[in-house]
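Data block for start_2.tsv (TSV, C-alpha atoms):
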chain	number	residue	atom	x	y	z
O	1	MET	CA	-18.97	56.90	7.69
O	2	SER	CA	-18.04	56.26	4.08
O	3	ASP	CA	-16.89	52.91	2.75
O	4	ARG	CA	-13.36	54.25	2.33
O	5	SER	CA	-12.99	55.40	5.94
O	6	LEU	CA	-11.48	52.14	7.09
O	7	GLU	CA	-9.45	51.80	10.20
O	8	PRO	CA	-5.72	51.27	9.60
O	9	LYS	CA	-5.94	47.56	10.47
O	10	LEU	CA	-8.40	47.06	7.59
O	11	GLN	CA	-6.65	49.15	4.95
O	12	HIS	CA	-5.11	46.05	3.36
O	13	LEU	CA	-8.52	44.59	2.43
O	14	SER	CA	-9.63	44.59	-1.20
O	15	ILE	CA	-13.24	45.19	-2.12
O	16	VAL	CA	-15.03	42.50	-4.15
O	17	LYS	CA	-16.98	44.73	-6.53
O	18	LYS	CA	-19.37	41.99	-7.65
O	19	TYR	CA	-20.62	41.59	-4.10
O	20	TYR	CA	-20.15	45.08	-2.76
O	21	MET	CA	-23.81	45.82	-3.13
O	22	PRO	CA	-25.41	49.28	-3.16
O	23	GLY	CA	-27.62	49.63	-0.12
O	24	GLY	CA	-25.84	46.79	1.63
O	25	ASP	CA	-25.76	47.02	5.40
O	26	LEU	CA	-23.67	43.99	6.42
O	27	TYR	CA	-19.92	43.63	5.94
O	28	PHE	CA	-18.00	40.38	5.70
O	29	GLN	CA	-14.29	39.65	5.54
O	30	ALA	CA	-13.09	36.44	3.88
O	31	GLU	CA	-9.32	36.20	3.67
O	32	ASN	CA	-8.23	39.65	2.39
O	33	SER	CA	-11.53	40.41	0.65
O	34	LEU	CA	-14.27	42.73	1.85
O	35	PHE	CA	-17.97	42.20	1.02
O	36	LYS	CA	-20.99	44.44	1.55
O	37	VAL	CA	-24.33	42.62	1.29
O	38	HIS	CA	-27.86	42.84	2.62
O	39	ARG	CA	-28.37	41.65	6.15
O	40	TYR	CA	-31.95	40.63	5.26
O	41	PHE	CA	-30.86	37.37	3.58
O	42	PHE	CA	-28.76	36.29	6.53
O	43	ASP	CA	-31.39	37.16	9.12
O	44	ARG	CA	-34.04	35.36	7.10
O	45	GLU	CA	-32.15	32.21	6.12
O	46	SER	CA	-29.65	31.40	8.87
O	47	PRO	CA	-30.39	30.90	12.58
O	48	LYS	CA	-26.65	30.94	13.15
O	49	PHE	CA	-26.27	34.45	11.72
O	50	GLN	CA	-29.44	35.60	13.46
O	51	ASP	CA	-27.83	34.78	16.79
O	52	MET	CA	-24.41	36.10	15.78
O	53	LEU	CA	-25.67	39.48	14.54
O	54	SER	CA	-28.01	40.04	17.47
O	55	ARG	CA	-25.18	40.12	20.03
O	56	PRO	CA	-24.27	43.56	21.31
O	57	PRO	CA	-20.71	44.66	20.53
O	58	PRO	CA	-18.15	44.98	23.31
O	59	THR	CA	-17.77	48.39	24.89
O	60	GLY	CA	-15.91	50.82	22.65
O	61	GLN	CA	-16.19	48.69	19.50
O	62	ALA	CA	-18.25	49.26	16.37
O	63	ALA	CA	-21.38	47.21	15.79
O	64	TYR	CA	-20.75	43.65	14.68
O	65	GLY	CA	-20.97	43.43	10.88
O	66	SER	CA	-20.26	47.13	10.36
O	67	LEU	CA	-17.54	48.52	8.12
O	68	ASN	CA	-14.87	48.72	10.80
O	69	ASN	CA	-15.93	45.50	12.52
O	70	PRO	CA	-16.83	43.11	9.70
O	71	VAL	CA	-17.85	39.50	10.27
O	72	VAL	CA	-14.65	37.51	9.76
O	73	LEU	CA	-15.35	34.20	8.02
O	74	ASP	CA	-13.32	30.99	8.15
O	75	VAL	CA	-13.78	30.23	4.44
O	76	THR	CA	-12.04	31.43	1.29
O	77	SER	CA	-13.17	34.44	-0.69
O	78	GLU	CA	-14.11	32.22	-3.67
O	79	GLU	CA	-16.22	29.92	-1.49
O	80	PHE	CA	-18.15	32.82	0.04
O	81	GLN	CA	-18.79	34.26	-3.42
O	82	GLN	CA	-20.38	30.95	-4.45
O	83	LEU	CA	-22.75	31.16	-1.48
O	84	LEU	CA	-23.64	34.80	-2.30
O	85	TRP	CA	-24.34	33.75	-5.89
O	86	VAL	CA	-27.40	31.84	-4.63
O	87	PHE	CA	-28.91	35.12	-3.33
O	88	TYR	CA	-27.71	37.47	-6.06
O	89	ASN	CA	-27.97	35.23	-9.13
O	90	PRO	CA	-29.02	37.67	-11.91
O	91	VAL	CA	-30.51	35.16	-14.37
O	92	TYR	CA	-33.03	33.38	-12.10
O	93	THR	CA	-31.67	29.95	-12.91
O	94	TYR	CA	-29.19	27.61	-11.29
O	95	GLU	CA	-28.37	25.45	-14.28
O	96	GLU	CA	-25.03	27.09	-14.94
O	97	ALA	CA	-23.56	25.89	-11.64
O	98	LYS	CA	-21.24	22.88	-11.81
O	99	LEU	CA	-20.91	19.90	-9.53
O	100	GLU	CA	-18.09	21.45	-7.49
O	101	ASP	CA	-20.06	24.70	-7.17
O	102	TRP	CA	-23.10	22.99	-5.67
O	103	ALA	CA	-20.90	20.87	-3.40
O	104	CYS	CA	-19.23	24.02	-2.08
O	105	ILE	CA	-22.58	25.78	-1.65
O	106	LEU	CA	-23.90	22.75	0.23
O	107	SER	CA	-20.85	22.73	2.49
O	108	LEU	CA	-21.26	26.40	3.41
O	109	ALA	CA	-25.01	26.01	3.85
O	110	CYS	CA	-24.34	23.22	6.37
O	111	HIS	CA	-21.58	25.20	8.10
O	112	TYR	CA	-23.54	28.44	8.45
O	113	LYS	CA	-26.96	26.83	8.91
O	114	PHE	CA	-28.85	27.87	5.79
O	115	PRO	CA	-31.54	25.14	5.63
O	116	GLU	CA	-33.24	26.38	2.45
O	117	VAL	CA	-29.95	26.78	0.60
O	118	LYS	CA	-28.98	23.30	1.84
O	119	ARG	CA	-32.14	21.79	0.36
O	120	LEU	CA	-31.60	23.70	-2.87
O	121	ALA	CA	-28.05	22.36	-3.20
O	122	VAL	CA	-29.13	18.79	-2.48
O	123	ARG	CA	-31.87	18.95	-5.13
O	124	ASN	CA	-29.45	20.19	-7.76
O	125	LEU	CA	-26.83	17.60	-6.84
O	126	GLU	CA	-29.45	14.84	-7.13
O	127	LYS	CA	-30.19	15.99	-10.68
O	128	LEU	CA	-26.62	15.07	-11.61
O	129	LYS	CA	-27.38	11.35	-10.99
O	130	LEU	CA	-24.20	10.61	-9.08
O	131	ASP	CA	-23.26	7.05	-8.19
O	132	LEU	CA	-24.07	6.27	-4.54
O	133	VAL	CA	-20.43	5.87	-3.49
O	134	GLU	CA	-19.38	8.97	-5.45
O	135	GLN	CA	-22.10	10.99	-3.74
O	136	ILE	CA	-20.97	9.82	-0.30
O	137	SER	CA	-17.35	10.55	-1.15
O	138	LEU	CA	-18.28	14.05	-2.35
O	139	TYR	CA	-20.30	14.78	0.79
O	140	GLN	CA	-17.43	13.60	2.97
O	141	GLU	CA	-14.94	15.77	1.11
O	142	TYR	CA	-17.07	18.88	1.63
O	143	LYS	CA	-17.96	17.97	5.24
O	144	VAL	CA	-21.73	18.13	4.94
O	145	ASP	CA	-24.10	17.38	7.80
O	146	GLU	CA	-24.54	13.82	9.03
O	147	ASP	CA	-28.27	13.95	8.36
O	148	LEU	CA	-27.41	13.90	4.64
O	149	LEU	CA	-24.86	11.10	4.92
O	150	ILE	CA	-26.78	8.64	7.10
O	151	PRO	CA	-29.49	7.81	4.49
O	152	LEU	CA	-26.74	7.18	1.92
O	153	TYR	CA	-24.88	4.88	4.33
O	154	ALA	CA	-28.17	3.06	4.92
O	155	GLN	CA	-28.51	2.38	1.20
O	156	LEU	CA	-25.04	0.82	1.16
O	157	CYS	CA	-25.92	-1.39	4.12
O	158	ALA	CA	-29.27	-2.47	2.68
O	159	ARG	CA	-28.13	-3.42	-0.80
O	160	ASP	CA	-27.39	-7.08	-1.64
O	161	ARG	CA	-23.86	-6.45	-2.92
O	162	THR	CA	-21.07	-5.67	-0.48
O	163	LEU	CA	-18.43	-2.99	-1.03
O	164	SER	CA	-15.85	-3.63	-3.70
O	165	LEU	CA	-12.19	-2.82	-3.24
O	166	LEU	CA	-12.50	0.24	-5.48
O	167	GLU	CA	-15.49	1.53	-3.51
O	168	THR	CA	-13.55	1.01	-0.29
O	169	HIS	CA	-10.73	3.17	-1.63
O	170	LYS	CA	-13.20	5.92	-2.55
O	171	LEU	CA	-14.97	5.91	0.81
O	172	GLY	CA	-11.89	5.56	2.98
O	173	TYR	CA	-11.18	2.68	5.29
O	174	GLU	CA	-12.90	4.11	8.37
O	175	THR	CA	-16.19	4.56	6.52
O	176	ALA	CA	-15.83	1.15	4.85
O	177	VAL	CA	-15.29	-0.58	8.21
O	178	MET	CA	-18.36	1.18	9.61
O	179	VAL	CA	-20.45	-0.01	6.64
O	180	PHE	CA	-19.17	-3.60	6.96
O	181	GLN	CA	-19.93	-3.64	10.69
O	182	ALA	CA	-23.41	-2.26	10.11
O	183	ARG	CA	-24.08	-4.97	7.51
O	184	GLU	CA	-22.94	-7.62	10.01
O	185	HIS	CA	-25.26	-6.20	12.68
O	186	LEU	CA	-28.23	-6.10	10.34
O	187	ARG	CA	-27.68	-9.61	8.95
O	188	SER	CA	-27.09	-11.45	12.24
O	189	PRO	CA	-30.60	-12.58	13.22
O	190	ALA	CA	-29.89	-13.67	16.79
O	191	ASP	CA	-26.86	-11.87	18.19
O	192	ARG	CA	-26.17	-8.65	16.35
O	193	GLY	CA	-22.54	-8.04	15.60
O	194	LYS	CA	-21.72	-11.75	15.52
O	195	SER	CA	-22.02	-13.95	12.46
O	196	PRO	CA	-20.62	-17.42	13.22
O	197	LEU	CA	-19.80	-19.77	10.37
O	198	PRO	CA	-22.44	-22.37	9.53
O	199	ASP	CA	-21.80	-25.75	11.11
O	200	ASP	CA	-21.56	-27.48	7.75
O	201	ILE	CA	-18.65	-25.42	6.39
O	202	GLU	CA	-15.48	-27.46	6.13
O	203	GLU	CA	-12.33	-26.27	7.83
O	204	GLY	CA	-10.37	-25.62	4.64
O	205	GLU	CA	-13.16	-23.82	2.83
O	206	VAL	CA	-12.51	-20.51	4.61
O	207	GLU	CA	-8.92	-20.40	3.38
O	208	ASP	CA	-9.99	-21.54	-0.10
O	209	THR	CA	-12.54	-18.74	-0.26
O	210	ILE	CA	-9.95	-16.14	0.76
O	211	ARG	CA	-7.54	-17.41	-1.88
O	212	ASP	CA	-10.23	-17.19	-4.55
O	213	LEU	CA	-11.22	-13.66	-3.52
O	214	MET	CA	-7.60	-12.49	-3.48
O	215	LYS	CA	-7.12	-13.80	-7.03
O	216	ASP	CA	-10.40	-12.23	-8.07
O	217	LEU	CA	-9.81	-8.81	-6.48
O	218	PHE	CA	-6.20	-8.12	-7.33
O	219	SER	CA	-4.60	-8.22	-10.74
O	220	GLY	CA	-1.47	-6.63	-12.14
O	221	ASN	CA	0.98	-4.67	-10.03
O	222	PRO	CA	-0.27	-4.47	-6.43
O	223	ASN	CA	1.08	-0.90	-6.24
O	224	ASP	CA	-1.26	0.18	-9.01
O	225	ASN	CA	-4.99	0.65	-8.67
O	226	PRO	CA	-6.44	-2.86	-8.55
O	227	THR	CA	-8.68	-4.12	-11.28
O	228	ILE	CA	-11.98	-5.24	-9.80
O	229	ASN	CA	-14.04	-8.10	-11.13
O	230	MET	CA	-17.59	-7.22	-10.16
O	231	GLU	CA	-19.04	-10.56	-11.26
O	232	PRO	CA	-19.92	-13.02	-8.49
O	233	LYS	CA	-17.23	-15.59	-7.95
O	234	SER	CA	-18.04	-19.23	-8.69
O	235	ARG	CA	-17.54	-21.43	-5.69
O	236	SER	CA	-18.74	-24.76	-4.45
O	237	ILE	CA	-20.13	-25.17	-0.99
O	238	ARG	CA	-18.99	-28.55	0.24
O	239	ARG	CA	-21.47	-29.95	2.68
O	240	ILE	CA	-20.45	-32.37	5.39
O	241	GLN	CA	-22.50	-35.54	5.17
O	242	ARG	CA	-24.19	-36.04	8.50
O	243	PRO	CA	-25.90	-39.23	9.73
O	244	LEU	CA	-29.56	-39.08	10.54
O	245	PRO	CA	-30.50	-39.11	14.24
O	246	PRO	CA	-31.04	-42.62	15.65
O	247	PRO	CA	-34.63	-43.87	15.77
O	248	ALA	CA	-36.56	-43.78	19.00
O	249	PRO	CA	-36.17	-46.86	21.26
O	250	SER	CA	-38.60	-49.60	20.38
O	251	SER	CA	-39.68	-52.85	21.99
O	252	ASP	CA	-39.53	-54.64	18.65
O	253	THR	CA	-37.03	-57.44	18.26
O	254	PRO	CA	-34.02	-57.14	15.94
O	255	ASP	CA	-35.58	-59.66	13.56
O	256	GLU	CA	-38.69	-57.49	13.21
O	257	MET	CA	-36.64	-54.38	12.49
O	258	ASP	CA	-34.10	-56.11	10.29
O	259	GLY	CA	-33.53	-54.20	7.06
O	260	MET	CA	-35.13	-50.92	8.24
O	261	HIS	CA	-32.11	-48.89	7.12
O	262	LYS	CA	-32.32	-45.37	5.73
O	263	MET	CA	-29.59	-43.15	4.40
O	264	GLU	CA	-29.40	-39.84	2.57
O	265	THR	CA	-26.90	-38.67	0.03
O	266	ILE	CA	-26.51	-35.05	-0.84
O	267	THR	CA	-24.37	-34.98	-3.90
O	268	GLU	CA	-23.77	-31.30	-4.53
O	269	VAL	CA	-24.92	-27.81	-3.79
O	270	SER	CA	-23.00	-25.43	-6.02
O	271	THR	CA	-23.12	-21.74	-6.81
O	272	VAL	CA	-22.19	-20.89	-10.38
O	273	ARG	CA	-21.40	-17.58	-12.03
O	274	THR	CA	-24.45	-17.48	-14.31
O	275	GLY	CA	-27.92	-17.70	-12.85
O	276	ARG	CA	-26.83	-19.06	-9.45
O	277	THR	CA	-28.33	-22.40	-10.37
O	278	ASN	CA	-28.51	-24.77	-7.48
O	279	SER	CA	-28.85	-28.48	-8.03
O	280	LEU	CA	-29.88	-30.96	-5.44
O	281	SER	CA	-29.79	-34.68	-5.90
O	282	SER	CA	-31.06	-36.61	-2.94
O	283	GLN	CA	-31.69	-40.31	-2.80
O	284	VAL	CA	-33.30	-42.18	0.00
O	285	THR	CA	-33.16	-45.95	-0.33
O	286	ASN	CA	-35.40	-48.13	1.72
O	287	SER	CA	-35.40	-51.93	1.94
O	288	LYS	CA	-37.04	-54.43	4.18
O	289	ARG	CA	-36.38	-58.11	4.10
O	290	ARG	CA	-39.21	-60.13	5.47
O	291	ALA	CA	-38.44	-62.92	7.85
O	292	GLN	CA	-39.33	-66.22	6.36
O	293	SER	CA	-39.00	-69.82	7.41
O	294	PRO	CA	-35.99	-71.78	6.12
O	295	ASN	CA	-38.02	-73.36	3.32
O	296	GLY	CA	-39.35	-69.99	2.15
O	297	VAL	CA	-42.92	-70.55	3.43
O	298	LYS	CA	-44.35	-68.25	6.11
O	299	THR	CA	-45.71	-69.92	9.19
O	300	SER	CA	-49.11	-69.08	10.63
O	301	GLY	CA	-47.43	-67.44	13.63
O	302	GLN	CA	-45.40	-65.16	11.38
O	303	THR	CA	-48.50	-64.16	9.40
O	304	LEU	CA	-50.40	-63.30	12.57
O	305	LYS	CA	-47.51	-61.34	13.97
O	306	LYS	CA	-47.08	-59.38	10.73
O	307	SER	CA	-50.76	-58.39	10.68
O	308	GLN	CA	-50.49	-57.16	14.27
O	309	LEU	CA	-47.45	-55.03	13.48
O	310	THR	CA	-48.60	-53.65	10.11
O	311	TYR	CA	-50.29	-50.55	11.48
O	312	LYS	CA	-47.48	-49.81	13.91
O	313	ASN	CA	-44.77	-50.22	11.24
O	314	GLN	CA	-46.64	-47.99	8.79
O	315	ASN	CA	-46.80	-45.24	11.39
O	316	GLN	CA	-43.10	-45.61	12.08
O	317	GLN	CA	-42.29	-45.45	8.37
O	318	ARG	CA	-44.37	-42.29	7.95
O	319	GLN	CA	-42.63	-40.67	10.91
O	320	ARG	CA	-39.19	-41.58	9.55
O	321	ARG	CA	-40.02	-40.24	6.08
O	322	LYS	CA	-41.18	-36.99	7.67
O	323	SER	CA	-37.96	-36.83	9.72
O	324	ILE	CA	-35.85	-37.29	6.57
O	325	ARG	CA	-37.71	-34.53	4.74
O	326	ASN	CA	-37.30	-32.17	7.70
O	327	THR	CA	-33.60	-32.98	7.87
O	328	LEU	CA	-33.15	-32.21	4.18
O	329	LEU	CA	-35.08	-28.98	4.52
O	330	GLY	CA	-32.90	-28.04	7.46
O	331	LEU	CA	-29.65	-28.73	5.58
O	332	ILE	CA	-30.71	-26.97	2.40
O	333	SER	CA	-33.32	-24.36	3.11
O	334	PRO	CA	-34.64	-21.37	1.16
O	335	ARG	CA	-32.27	-19.31	3.28
O	336	ASP	CA	-29.36	-20.92	1.39
O	337	ASP	CA	-30.99	-20.45	-1.98
O	338	PRO	CA	-34.26	-18.55	-2.47
O	339	HIS	CA	-34.78	-20.37	-5.80
O	340	LEU	CA	-35.02	-23.78	-4.11
O	341	THR	CA	-38.59	-24.92	-3.44
O	342	THR	CA	-39.95	-27.41	-0.98
O	343	ASP	CA	-41.12	-29.64	-3.83
O	344	GLU	CA	-37.54	-29.94	-5.13
O	345	VAL	CA	-36.37	-31.12	-1.72
O	346	GLN	CA	-39.15	-33.68	-1.49

Mind converting the file's structure to structure tokens?
Amino acid sequence: MSDRSLEPKLQHLSIVKKYYMPGGDLYFQAENSLFKVHRYFFDRESPKFQDMLSRPPPTGQAAYGSLNNPVVLDVTSEEFQQLLWVFYNPVYTYEEAKLEDWACILSLACHYKFPEVKRLAVRNLEKLKLDLVEQISLYQEYKVDEDLLIPLYAQLCARDRTLSLLETHKLGYETAVMVFQAREHLRSPADRGKSPLPDDIEEGEVEDTIRDLMKDLFSGNPNDNPTINMEPKSRSIRRIQRPLPPPAPSSDTPDEMDGMHKMETITEVSTVRTGRTNSLSSQVTNSKRRAQSPNGVKTSGQTLKKSQLTYKNQNQQRQRRKSIRNTLLGLISPRDDPHLTTDEVQ
């Protein structure tokens, strides 16, 4: 049967001369275009076409992929030509292909299960050095396989910086919400998916932070594309001053413990735009007034009692100093600022 002996239902098809190959034994129809190519490439490269072409035709019909029963594709003629270009490229190089060409080739390779063509397209797209969000957006637009998207999503979740408003627009809100939720899960040490506010955040600070971010994110006409300030926003973290836990019960008399008063003052922990410099000023004041007789001269009983309590009081003072240091380290830990050292707290 010659190539021109088409059945009446196929007479409207136009032959694509560039890909109507001599010796071809497999026919494809994409839109109103007819292609004749070599079945070898499709049997070798695509498990999907291997299965499709191995099925026996229904009774009374021509073999699947023959001239009068071509494989009907659900892509455009131009898209299928870009896929065929990979197999029939005459110059043995792929450098002439553009970004959109490789994205289309990748999409068809994923759709029709061409693993080697898929890897080839990914390698050539990586050479273009796309931004991470642009690469994800491109892959989403061309509906590539999830196994290519998941590692890119993971990079977004693992990086220190969260999504900007502009990146959210590029990714789409569904993808952005998924990324934000994944970041919450990964950064909640105890109960994944929940990230309660720290106990020492004041009630009004949440609203203040939102106001600052709204001013920082949006500028100009809200109907236009927003201008994004990518610099970290300066903000002060106002700590609530908390009293130290009461000392353990003691059998000492009030006179013996008179003056054993300790307090801590945390003046400021601030995050600034340049360098994220944290400053801590802590002051612990200790005083002890010694009980004396009315005339200012210690009695022999007071001297004896003081010598008996010296060792005990020194132990208590060491324990209280240790408790203060632990409290400070708990309030301002390296988790709040990795640049803060234990020596600075002490």

*Polymer residues at most 10 Å from His12 (chain O), only C-alpha atoms, same-chain spacing of 5 or more positions, as an NGL selection string*: :O and (6-7 or 32-34)

A straight line from CA of Phe180 (chain O) to CA of Met214 (chain O) spans 17.9 Å

Give me, as CSV, each residue of region 78-104 of chain O that comes within 8 Å of region 120-126 of chain O, together with its shortest interatomic pair and the distance in Å at one decimal, counting only C-alpha atoms, with rows ordered by chain and rising residue number.
residue,atom,partner,partner_atom,distance
O:Leu99,CA,O:Leu125,CA,6.9
O:Trp102,CA,O:Ala121,CA,5.6
O:Ala103,CA,O:Ala121,CA,7.3

Separating CA of Ile201 (chain O) from CA of Thr168 (chain O), to the nearest tenth of an Å, is a gap of 27.7 Å

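You will find CA of Ser195 (chain O) at 15.8 Å from CA of Met178 (chain O).
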
Tell me which protein, DNA and RNA residues are within 12 Å of Ser14 (chain O), counting only C-alpha atoms, leaving out same-chain ones fewer than 3 positions away, and put them as a list in words. Asp3, Arg4, Leu6, Leu10, Gln11, Lys17, Lys18, Tyr19, Tyr20, Phe28, Gln29, Ala30, Glu31, Asn32, Ser33, Leu34, Phe35, Lys36 and Ser77 of chain O

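Among the candidates O:Lys170, O:Arg119, O:Arg187, O:Arg161, the one nearest to Glu45 (chain O) when counting all atoms listed in the file is O:Arg119.
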
Need the shell around Lys143 (chain O): protein/DNA/RNA residues with any atom at most 12 Å away, counting all atoms listed in the file. Skip same-chain ones fewer than 5 positions apart. Format as a list in words?
Ala103, Cys104, Ile105, Leu106, Ser107, Leu108, Ala109, Cys110, His111, Ile136, Ser137, Leu138, Leu148 and Leu149 of chain O

Judged by all atoms listed in the file, the minimum distance to Arg159 (chain O) among O:Val91, O:Leu171, O:Ala182, O:Val177 is found for O:Ala182

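In terms of minimum interatomic distance to Glu167 (chain O), O:Gln135 ranks closest within O:Thr209, O:Ser188, O:Gln135, O:Ser54, counting only C-alpha atoms.
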
Would you kindly return, as a PyMOL selection string, each protein, DNA or RNA residue with an atom no farther than 12 Å from any atom of Gln50 (chain O), considering only C-alpha atoms and excluding same-chain residues fewer than 5 positions away?
chain O and resi 39-45+55+64-65+112-114
